[in-house]
2 protein chains.
Amino acid sequence: MRMKLSKMIEHEGSRTRIVIEGVTPEIDGGRFPIKRTIGDKVVVEADIFADGHDVLSAALLYRKEGNPDWIEIPMEFLVNDRWRGSFVVSELGQYQYTITAWVDSFRTWQQNLAKKVEAKQDVSVDFLEGAQLIEEASHSAIKRETGTIRGWVETLRSREASTSAKAKLALSQKVTKAMNKYSDRQFASAYSKELVVVVDREKARFSTWYEMFPRSCMSKPSHYGTFKDCEMRLPYISQMGFDVLYFPPIHPIGYTSRKGKNNAPTTKPSDPGTPWAIGSQEGGHKALHPQLGTLEDFRRFMTKAREHGIEVALDLAFQCSPDHPYVKEHPEWFRWRPDGTVQYAENPPKKYQDIYPLNFETENWQELWKELKSIVLFWIEQGVRIFRVDNPHTKPFAFWEWLISEVKADYPEVIFLSEAFTRPKIMYRLAKLGFTQSYTYFTWRNVKWELTQYFTELTQTDVREFFRPNLWPNTPDILNDYLRDGGRPAFMARLVLTGTLGANYGIYGPAFELCENRRKDKESEEYLDSEKYELKQWDIESPKSLRDLIARVNRIRRENPALQSDWSLRFHSIDNDQLICYSKCTEDLSNVILVVVNLDYRYKQSGWVDLSLEELGLDPGQPYSVHDLLADVTYRWQSSRNYAELDPQKMPAHIFRIHRGVTKSKN
Amino acid sequence: MRMKLSKMIEHEGSRTRIVIEGVTPEIDGGRFPIKRTIGDKVVVEADIFADGHDVLSAALLYRKEGNPDWIEIPMEFLVNDRWRGSFVVSELGQYQYTITAWVDSFRTWQQNLAKKVEAKQDVSVDFLEGAQLIEEASHSAIKRETGTIRGWVETLRSREASTSAKAKLALSQKVTKAMNKYSDRQFASAYSKELVVVVDREKARFSTWYEMFPRSCMSKPSHYGTFKDCEMRLPYISQMGFDVLYFPPIHPIGYTSRKGKNNAPTTKPSDPGTPWAIGSQEGGHKALHPQLGTLEDFRRFMTKAREHGIEVALDLAFQCSPDHPYVKEHPEWFRWRPDGTVQYAENPPKKYQDIYPLNFETENWQELWKELKSIVLFWIEQGVRIFRVDNPHTKPFAFWEWLISEVKADYPEVIFLSEAFTRPKIMYRLAKLGFTQSYTYFTWRNVKWELTQYFTELTQTDVREFFRPNLWPNTPDILNDYLRDGGRPAFMARLVLTGTLGANYGIYGPAFELCENRRKDKESEEYLDSEKYELKQWDIESPKSLRDLIARVNRIRRENPALQSDWSLRFHSIDNDQLICYSKCTEDLSNVILVVVNLDYRYKQSGWVDLSLEELGLDPGQPYSVHDLLADVTYRWQSSRNYAELDPQKMPAHIFRIHRGVTKSKN
């Protein structure tokens, strides 16, 4: 709380003269941390000003959490009372930053002196004032500097030294430097908040996900796939260039009200049920589905995956099948109806009788929170460090904030991906509360203006400080109209978009690479014969597979740091609404990628790109070369306007690397 | 401070599920109050959402300061999680407002019931659930309602009543209303802040100022004008329609280092000195210049002014002449130089030897603050309620916040006008700290894009919540290039702009109405023979005077409420850069004013105005009439495009009142 205004006169703090405001980055007045990954820079700006015309100094202060001492970085004055400073985060965990500023009496005196000397005014008293300021500072100087400083005082007070000699000394760098060191900060203003940066590992910023149902990795038709079978699939996934393998829930599946093929309300004995109906007599969220294998098999699989450069991500779906042990052990965690049944999940008129939501409004909420945390810790103990969180928007915000902060306090390397497909403010809130990455509306953004508007919002506004997009062109729940209608060319275009617009992206495979585009019905986005309700043997060796294109796009991502972050994204004008053009680059412009995609999966489209060359580090007067990393062809371009033509039947996209100066064409 | 996240599990507060954020209006996270005048509406909006799909209810709470009880206004859902509510402020002083929201279990149940009934699902258990919710609510119902409510419970539980009868009852208005009244708010979310509205009197929003040196109201040439002489000037000022008469300082003027005519460093005995060099042996800030009259004369003058509908505003210039009693009584309030002199005001290379700034960094700052407050209270005791504050940006921000809040706690009707011509962030800060009105950059905004941009910022952004512009085309310190070069037509154009762009405006007269446009030199904006340094006898009866035009503009302002506030300002397109067009209207569109001004003081200019008719409450299909209140001519307009032509030699502006439907032309 601020002090009562009438009390201001009783507080020494009221003597500070400087205002520090408009600090960026700062999320919701400092209520939430900003996010960075190791090695990132935090650029901090603020409006800093005082009454009157005195010269100010300002410093950015930062420290790793737990460290009592601040590291001080001088801030630089920009324009219109705006100041800037920056620091680099080099360790996992949390950093704090804040700002301090003070009226610099000596620099004020120097500035006035210089002006008076310039105007040839009498400055004899000014020198005495300067001597006094230096003398005061000398009291706090370290011993071996005291002598020098006293010498300056004497010179400024002496009758012998000339005005010009005194002025030269008073304005010299050595005096300025010393006085800066010992400046009087008794009435320095401290910014009222200590802001927080959460520092994640690099994968939080740059990751390539593959979602796969392990039970479908069957060795023989209709045999429930096991972790051992999954091992055989690792080279396939690794060759495509994925580094995160995400499994839908791998726990025992309930029997009561189990859904059949295509979500049928009745089942045959062979129906495996949906993995999201978690829990049976065989165990709950800490158990493995017995047909997948043992904990030992799972750990072994994770080790094998790591050998292929792949990290395993698990699904956190905090809900239960009617057979989950919790229902008997903790009936108070569920909502009981007056007829003595438990309320199953519903979104009237839709019913999900095979799933009981947890009742977070239970009086026993604290036990529930602790139990759910213990689930996360259980899998962390098995070696899991990435969790995709199912429907976080249907559980309380406070729970997520607490859970993620608790887990990351001990395991700052853990990544939580928020699978919230809901209203914008809720998606952003979840990201602010701590989710490392978030699903996006990309899944339904198919036309140029939508993509441009949405990705500008995600990457060029404050949103980027807390919300890290992870783009998915498809999921087991969502086969959108564009993919359904467009087939293979549409899948190719979406692949390039997802892999270049998003440093983090994922596909649900093998449905994606095999261009599976059959819908259950017209009303929903559900796949026909959805893998959620049945075992599926995919023909991954099909010649129609996009696996080679995926491997190429992912190699381009690995080899081009420009594509490993989203902050540099810029859209460029192109005079055809079916073509979209954008670039990404590294801060030093040593790596610049330009992408052009044909959004029309039916027809060849062409247009003139209009680049802003200076933003791309190009000299408008010089020719430059663009190397299409998909087709491995190099073009020589002359000016900002260039022709592009893309045939969706062949390749609906260019991914150019731009080279300053002209390199010899490879073709 | 927020609680440590790990502690969240220990707090019942963590069970609240609703987020309330993005509250508007809210200045700097609630650090500063917003401003309104009596009778104004405060429209409050917020993003309000929870996890899941439950139905929410939200209420805006407000109260007059000192009142322990909140008044509750239901908020209305707009779109995309945005809610709105409003209240009217009817008393001077401070109001508080905040928001509360809760998950409405009964309305959630009603919504689900309606969907299930629609889908013809079995709802027998749903009725039992509803009965349970109603039963729980009945415990908190007032006695005479209990019977009715129990009846509803029985109906919902009865086996006899039909499904449709039960559904009709459950969804009825009477049940909804009762359940709304007794809704369970145990886990309601309260917005974390109580925001403040400062309510001023109407003159804070709508005032018309006239600045005049009382000593120049001389009865005979070269006789020092007195308050009694000023009485003779009241009919003149009143006839022009001004309601605030602002006097530069009326205190004794120092003799030491007094400046002569045109700011000369030496004086003749007859030179009266600048009124801003306050204090002499005759007294300081609580004394009157003996030649102006006694305190009794001053009070009498104020009474006379009030009889003419005019309120007197004084100047608060917290600085001293070398002869001010404070210099001897409180030497510690000044900055002493090593040569034993007091530091006079300077802005190197400029020197103001006749003025000593107060040293707010003095160790005796508390006594200084108290003394300055006692000056304000002294003049309040004499009846003054409006203060124009000289150079507030050269005194500490904390001082102003304290002073204004102290004064307004006892005298909420007091108006403080900030005369800060400085950098934008400082001007805005002073307004946030409590100044009622503020000088603006209008003085130097002469071309169309500048005026459009600046007044859009002032009136269509958050700035309007705390910064009330008071526009001055000239001041004793500033004769701008436009007025100097343009002469009479320029003065006329600026008069219309100032009086219609600003609900609060003022002129420095008689220099303004007499179109005084002679500069001292090319370098500065100082008047030649500035009234600051000499007595001036103005020929107020001159036939060249703009007094009639001023009277007309001010009458238009009084008669048209659209011009008494700035919030409705909209610029309209006109295809000539020398012509500017804008409108103001009342909220109910009963009064709509359209202004067109020719900014070119040399040539006749014409162009086509393009109005957005719907914003002006006009039916695009219907003709309408516009009545020029300056020329008293009515035109019939047909569409959004209309021709305007203005000759600066005749009248450089139209001030139209728009009438829906066509009224008979007066000419």
# chains A, B, ... in the order shown; residues from 1 in each chain; ligands from 1

$ interface_residues --of "chain B" --to "chain A" --cutoff "6 Å" --atoms "only C-alpha atoms" --output "ChimeraX atom specification"
/B:5,14,17,51-52,115-116,348-349,393-396,398,402

$ closest_atom_pairs --of "segment 434-516 of chain A" --to "segment 229-253 of chain A" --cutoff "12 Å" --atoms "only C-alpha atoms" --output "tab-separated table"
residue	atom	partner	partner_atom	distance
A:Thr475	CA	A:Pro248	CA	10.8
A:Pro476	CA	A:Pro248	CA	9.5
A:Asp477	CA	A:Pro248	CA	11.8
A:Gly499	CA	A:Phe242	CA	11.3
A:Asn504	CA	A:Val244	CA	10.4
A:Tyr505	CA	A:Phe242	CA	9.8
A:Gly506	CA	A:Phe242	CA	8.6
A:Ile507	CA	A:Phe242	CA	9.7
A:Tyr508	CA	A:Tyr246	CA	9.1
A:Gly509	CA	A:Ile237	CA	9.6
A:Pro510	CA	A:Ile237	CA	9.7
A:Glu513	CA	A:Met240	CA	10.0

$ atom_distance --atom1 "atom CA of Arg468 of chain A" --atom2 "atom CA of Ser418 of chain A"
10.0 Å

$ select_by_dssp --residues "segment 472-567 of chain B" --states "helix (DSSP H, G or I)" --output "PyMOL selection string"
chain B and resi 481-501+547-559+561-564

$ residues_around --residues "Glu615 of chain A" --least-positions-apart "5" --cutoff "12 Å" --atoms "only C-alpha atoms" --output "VMD selection string"
chain A and resid 568 to 572 582 to 589 592 594 620 640

$ select_by_dssp --residues "segment 327-572 of chain B" --states "strand (DSSP E or B)" --output "CSV table (one decimal) with C-alpha atoms, in the first residue's frame"
chain,number,residue,atom,x,y,z
B,336,TRP,CA,24.0,29.6,-0.7
B,342,VAL,CA,22.3,33.3,-2.7
B,345,ALA,CA,17.6,31.6,-10.8
B,346,GLU,CA,19.5,30.8,-14.0
B,347,ASN,CA,19.3,28.6,-17.1
B,350,LYS,CA,20.4,33.2,-19.0
B,351,LYS,CA,20.4,34.8,-15.5
B,352,TYR,CA,17.4,36.0,-13.4
B,356,TYR,CA,15.8,33.3,-5.9
B,357,PRO,CA,14.4,29.8,-6.3
B,386,ILE,CA,-8.7,29.0,-8.2
B,387,PHE,CA,-4.9,29.0,-8.4
B,388,ARG,CA,-2.8,29.2,-11.5
B,389,VAL,CA,0.5,27.6,-10.5
B,390,ASP,CA,3.6,29.0,-11.9
B,415,ILE,CA,-9.0,24.4,-8.8
B,416,PHE,CA,-5.2,24.2,-9.5
B,417,LEU,CA,-4.1,25.1,-13.0
B,418,SER,CA,-0.6,23.7,-13.9
B,419,GLU,CA,1.5,26.2,-15.9
B,437,GLN,CA,-6.3,21.7,-15.3
B,438,SER,CA,-3.1,22.0,-17.3
B,469,PRO,CA,-6.4,20.9,-21.1
B,471,LEU,CA,-5.8,26.3,-24.0
B,475,THR,CA,0.4,34.4,-22.5
B,478,ILE,CA,4.5,33.9,-25.3
B,504,ASN,CA,-11.3,25.3,-20.8
B,505,TYR,CA,-9.5,28.2,-22.4
B,506,GLY,CA,-8.0,31.5,-21.6
B,507,ILE,CA,-6.5,34.6,-23.2
B,508,TYR,CA,-4.0,37.1,-22.0
B,519,ARG,CA,7.9,41.1,-30.6
B,527,TYR,CA,6.3,40.9,-26.4
B,570,ARG,CA,-14.0,14.1,-33.6
B,571,PHE,CA,-12.0,15.4,-36.6
B,572,HIS,CA,-13.6,15.2,-40.0

$ residues_around --residues "segment 625-629 of chain B" --least-positions-apart "2" --cutoff "7 Å" --atoms "only C-alpha atoms" --output "ChimeraX atom specification"
/B:631-637,654-663

$ write_last_selection --atoms "all heavy atoms" --output "short mmCIF file (atom, residue, chain, number, x, y, z; two decimals), in the first residue's frame"
data_model
loop_
_atom_site.label_atom_id
_atom_site.label_comp_id
_atom_site.auth_asym_id
_atom_site.auth_seq_id
_atom_site.Cartn_x
_atom_site.Cartn_y
_atom_site.Cartn_z
N ALA B 631 -22.01 33.68 -38.07
CA ALA B 631 -22.57 34.58 -39.08
C ALA B 631 -24.09 34.63 -38.99
O ALA B 631 -24.72 35.47 -39.65
CB ALA B 631 -22.15 34.11 -40.47
N ASP B 632 -24.68 33.74 -38.22
CA ASP B 632 -26.14 33.60 -38.13
C ASP B 632 -26.77 33.36 -39.50
O ASP B 632 -27.68 34.07 -39.93
CB ASP B 632 -26.76 34.84 -37.43
CG ASP B 632 -28.18 34.54 -36.97
OD1 ASP B 632 -28.55 33.34 -36.92
OD2 ASP B 632 -28.92 35.49 -36.69
N VAL B 633 -26.23 32.39 -40.20
CA VAL B 633 -26.75 31.99 -41.51
C VAL B 633 -27.01 30.49 -41.46
O VAL B 633 -26.23 29.76 -40.85
CB VAL B 633 -25.73 32.28 -42.63
CG1 VAL B 633 -26.30 31.87 -43.99
CG2 VAL B 633 -25.33 33.73 -42.62
N THR B 634 -28.09 30.05 -42.09
CA THR B 634 -28.39 28.63 -42.11
C THR B 634 -28.25 28.07 -43.51
O THR B 634 -28.66 28.72 -44.48
CB THR B 634 -29.81 28.37 -41.58
OG1 THR B 634 -29.88 28.86 -40.25
CG2 THR B 634 -30.13 26.88 -41.59
N TYR B 635 -27.60 26.91 -43.61
CA TYR B 635 -27.45 26.24 -44.91
C TYR B 635 -28.17 24.91 -44.85
O TYR B 635 -28.26 24.27 -43.80
CB TYR B 635 -25.97 25.96 -45.23
CG TYR B 635 -25.10 27.20 -45.23
CD1 TYR B 635 -24.46 27.62 -44.07
CD2 TYR B 635 -24.92 27.94 -46.41
CE1 TYR B 635 -23.66 28.74 -44.06
CE2 TYR B 635 -24.12 29.08 -46.40
CZ TYR B 635 -23.49 29.48 -45.23
OH TYR B 635 -22.70 30.59 -45.22
N ARG B 636 -28.67 24.49 -46.02
CA ARG B 636 -29.29 23.18 -46.12
C ARG B 636 -28.27 22.25 -46.75
O ARG B 636 -27.78 22.53 -47.86
CB ARG B 636 -30.52 23.30 -47.00
CG ARG B 636 -31.32 22.05 -47.16
CD ARG B 636 -32.33 22.28 -48.30
NE ARG B 636 -32.74 21.01 -48.87
CZ ARG B 636 -33.89 20.42 -48.56
NH1 ARG B 636 -34.71 20.97 -47.72
NH2 ARG B 636 -34.20 19.25 -49.12
N TRP B 637 -27.91 21.19 -46.05
CA TRP B 637 -26.94 20.22 -46.58
C TRP B 637 -27.65 18.91 -46.87
O TRP B 637 -28.62 18.55 -46.18
CB TRP B 637 -25.78 20.02 -45.59
CG TRP B 637 -24.77 21.15 -45.61
CD1 TRP B 637 -24.83 22.29 -46.37
CD2 TRP B 637 -23.57 21.25 -44.84
NE1 TRP B 637 -23.75 23.09 -46.12
CE2 TRP B 637 -22.94 22.48 -45.18
CE3 TRP B 637 -22.95 20.43 -43.90
CZ2 TRP B 637 -21.74 22.89 -44.63
CZ3 TRP B 637 -21.75 20.85 -43.34
CH2 TRP B 637 -21.15 22.07 -43.70
N HIS B 654 -16.32 28.86 -39.43
CA HIS B 654 -17.73 28.58 -39.19
C HIS B 654 -17.84 27.85 -37.86
O HIS B 654 -17.04 26.96 -37.57
CB HIS B 654 -18.30 27.60 -40.24
CG HIS B 654 -18.36 28.12 -41.64
ND1 HIS B 654 -19.07 29.23 -41.98
CD2 HIS B 654 -17.82 27.64 -42.79
CE1 HIS B 654 -18.96 29.43 -43.30
NE2 HIS B 654 -18.20 28.48 -43.81
N ILE B 655 -18.86 28.21 -37.07
CA ILE B 655 -19.25 27.34 -35.95
C ILE B 655 -20.70 26.98 -36.21
O ILE B 655 -21.61 27.79 -35.97
CB ILE B 655 -19.11 28.05 -34.58
CG1 ILE B 655 -17.69 28.57 -34.38
CG2 ILE B 655 -19.48 27.07 -33.46
CD1 ILE B 655 -17.47 29.29 -33.04
N PHE B 656 -20.89 25.78 -36.79
CA PHE B 656 -22.25 25.36 -37.14
C PHE B 656 -22.91 24.62 -36.00
O PHE B 656 -22.29 23.78 -35.36
CB PHE B 656 -22.21 24.38 -38.33
CG PHE B 656 -21.77 24.98 -39.63
CD1 PHE B 656 -20.65 24.48 -40.30
CD2 PHE B 656 -22.47 26.03 -40.20
CE1 PHE B 656 -20.24 25.00 -41.51
CE2 PHE B 656 -22.07 26.56 -41.43
CZ PHE B 656 -20.94 26.05 -42.09
N ARG B 657 -24.18 24.89 -35.81
CA ARG B 657 -24.97 23.95 -35.03
C ARG B 657 -25.78 23.13 -36.02
O ARG B 657 -26.42 23.67 -36.92
CB ARG B 657 -25.90 24.70 -34.06
CG ARG B 657 -26.79 23.72 -33.37
CD ARG B 657 -27.37 24.13 -32.06
NE ARG B 657 -28.11 22.96 -31.57
CZ ARG B 657 -29.10 23.02 -30.71
NH1 ARG B 657 -29.46 24.17 -30.18
NH2 ARG B 657 -29.72 21.91 -30.34
N ILE B 658 -25.70 21.81 -35.88
CA ILE B 658 -26.37 20.93 -36.82
C ILE B 658 -27.77 20.61 -36.32
O ILE B 658 -27.96 20.28 -35.14
CB ILE B 658 -25.56 19.64 -37.02
CG1 ILE B 658 -24.22 19.98 -37.67
CG2 ILE B 658 -26.34 18.62 -37.86
CD1 ILE B 658 -23.36 18.79 -38.00
N HIS B 659 -28.75 20.72 -37.21
CA HIS B 659 -30.13 20.39 -36.87
C HIS B 659 -30.58 19.22 -37.72
O HIS B 659 -30.49 19.25 -38.94
CB HIS B 659 -31.05 21.58 -37.12
CG HIS B 659 -30.76 22.75 -36.22
ND1 HIS B 659 -31.32 22.90 -34.99
CD2 HIS B 659 -29.92 23.80 -36.39
CE1 HIS B 659 -30.86 24.02 -34.41
NE2 HIS B 659 -30.00 24.58 -35.25
N ARG B 660 -31.08 18.18 -37.06
CA ARG B 660 -31.65 17.07 -37.81
C ARG B 660 -32.91 17.56 -38.48
O ARG B 660 -33.66 18.37 -37.91
CB ARG B 660 -31.99 15.92 -36.87
CG ARG B 660 -30.89 14.90 -36.81
CD ARG B 660 -31.13 13.91 -35.70
NE ARG B 660 -30.79 14.51 -34.41
CZ ARG B 660 -30.69 13.81 -33.28
NH1 ARG B 660 -30.88 12.52 -33.29
NH2 ARG B 660 -30.35 14.39 -32.15
N GLY B 661 -33.16 17.07 -39.67
CA GLY B 661 -34.29 17.59 -40.42
C GLY B 661 -33.94 19.01 -40.82
O GLY B 661 -32.98 19.58 -40.31
N VAL B 662 -34.68 19.59 -41.71
CA VAL B 662 -34.35 20.93 -42.17
C VAL B 662 -35.23 21.94 -41.46
O VAL B 662 -36.45 21.83 -41.46
CB VAL B 662 -34.54 21.03 -43.69
CG1 VAL B 662 -34.28 22.45 -44.16
CG2 VAL B 662 -33.61 20.05 -44.39
N THR B 663 -34.59 22.91 -40.80
CA THR B 663 -35.38 23.99 -40.21
C THR B 663 -35.38 25.12 -41.22
O THR B 663 -34.52 25.21 -42.09
CB THR B 663 -34.75 24.47 -38.89
OG1 THR B 663 -33.41 24.88 -39.15
CG2 THR B 663 -34.76 23.38 -37.85
#

$ closest_residue --among "A:Ala644, A:Leu535, A:Val463, A:Val595" --to "Leu497 of chain A" --atoms "only C-alpha atoms"
A:Val595

$ atom_distance --atom1 "atom CA of Pro272 of chain B" --atom2 "atom CA of Arg306 of chain B"
28.7 Å

$ atom_distance --atom1 "atom CA of Gln605 of chain B" --atom2 "atom CA of Asp577 of chain B"
9.5 Å

$ closest_residue --among "B:Leu546, B:Val103, B:Val447, B:Met651" --to "Asp184 of chain B" --atoms "only C-alpha atoms"
B:Val103
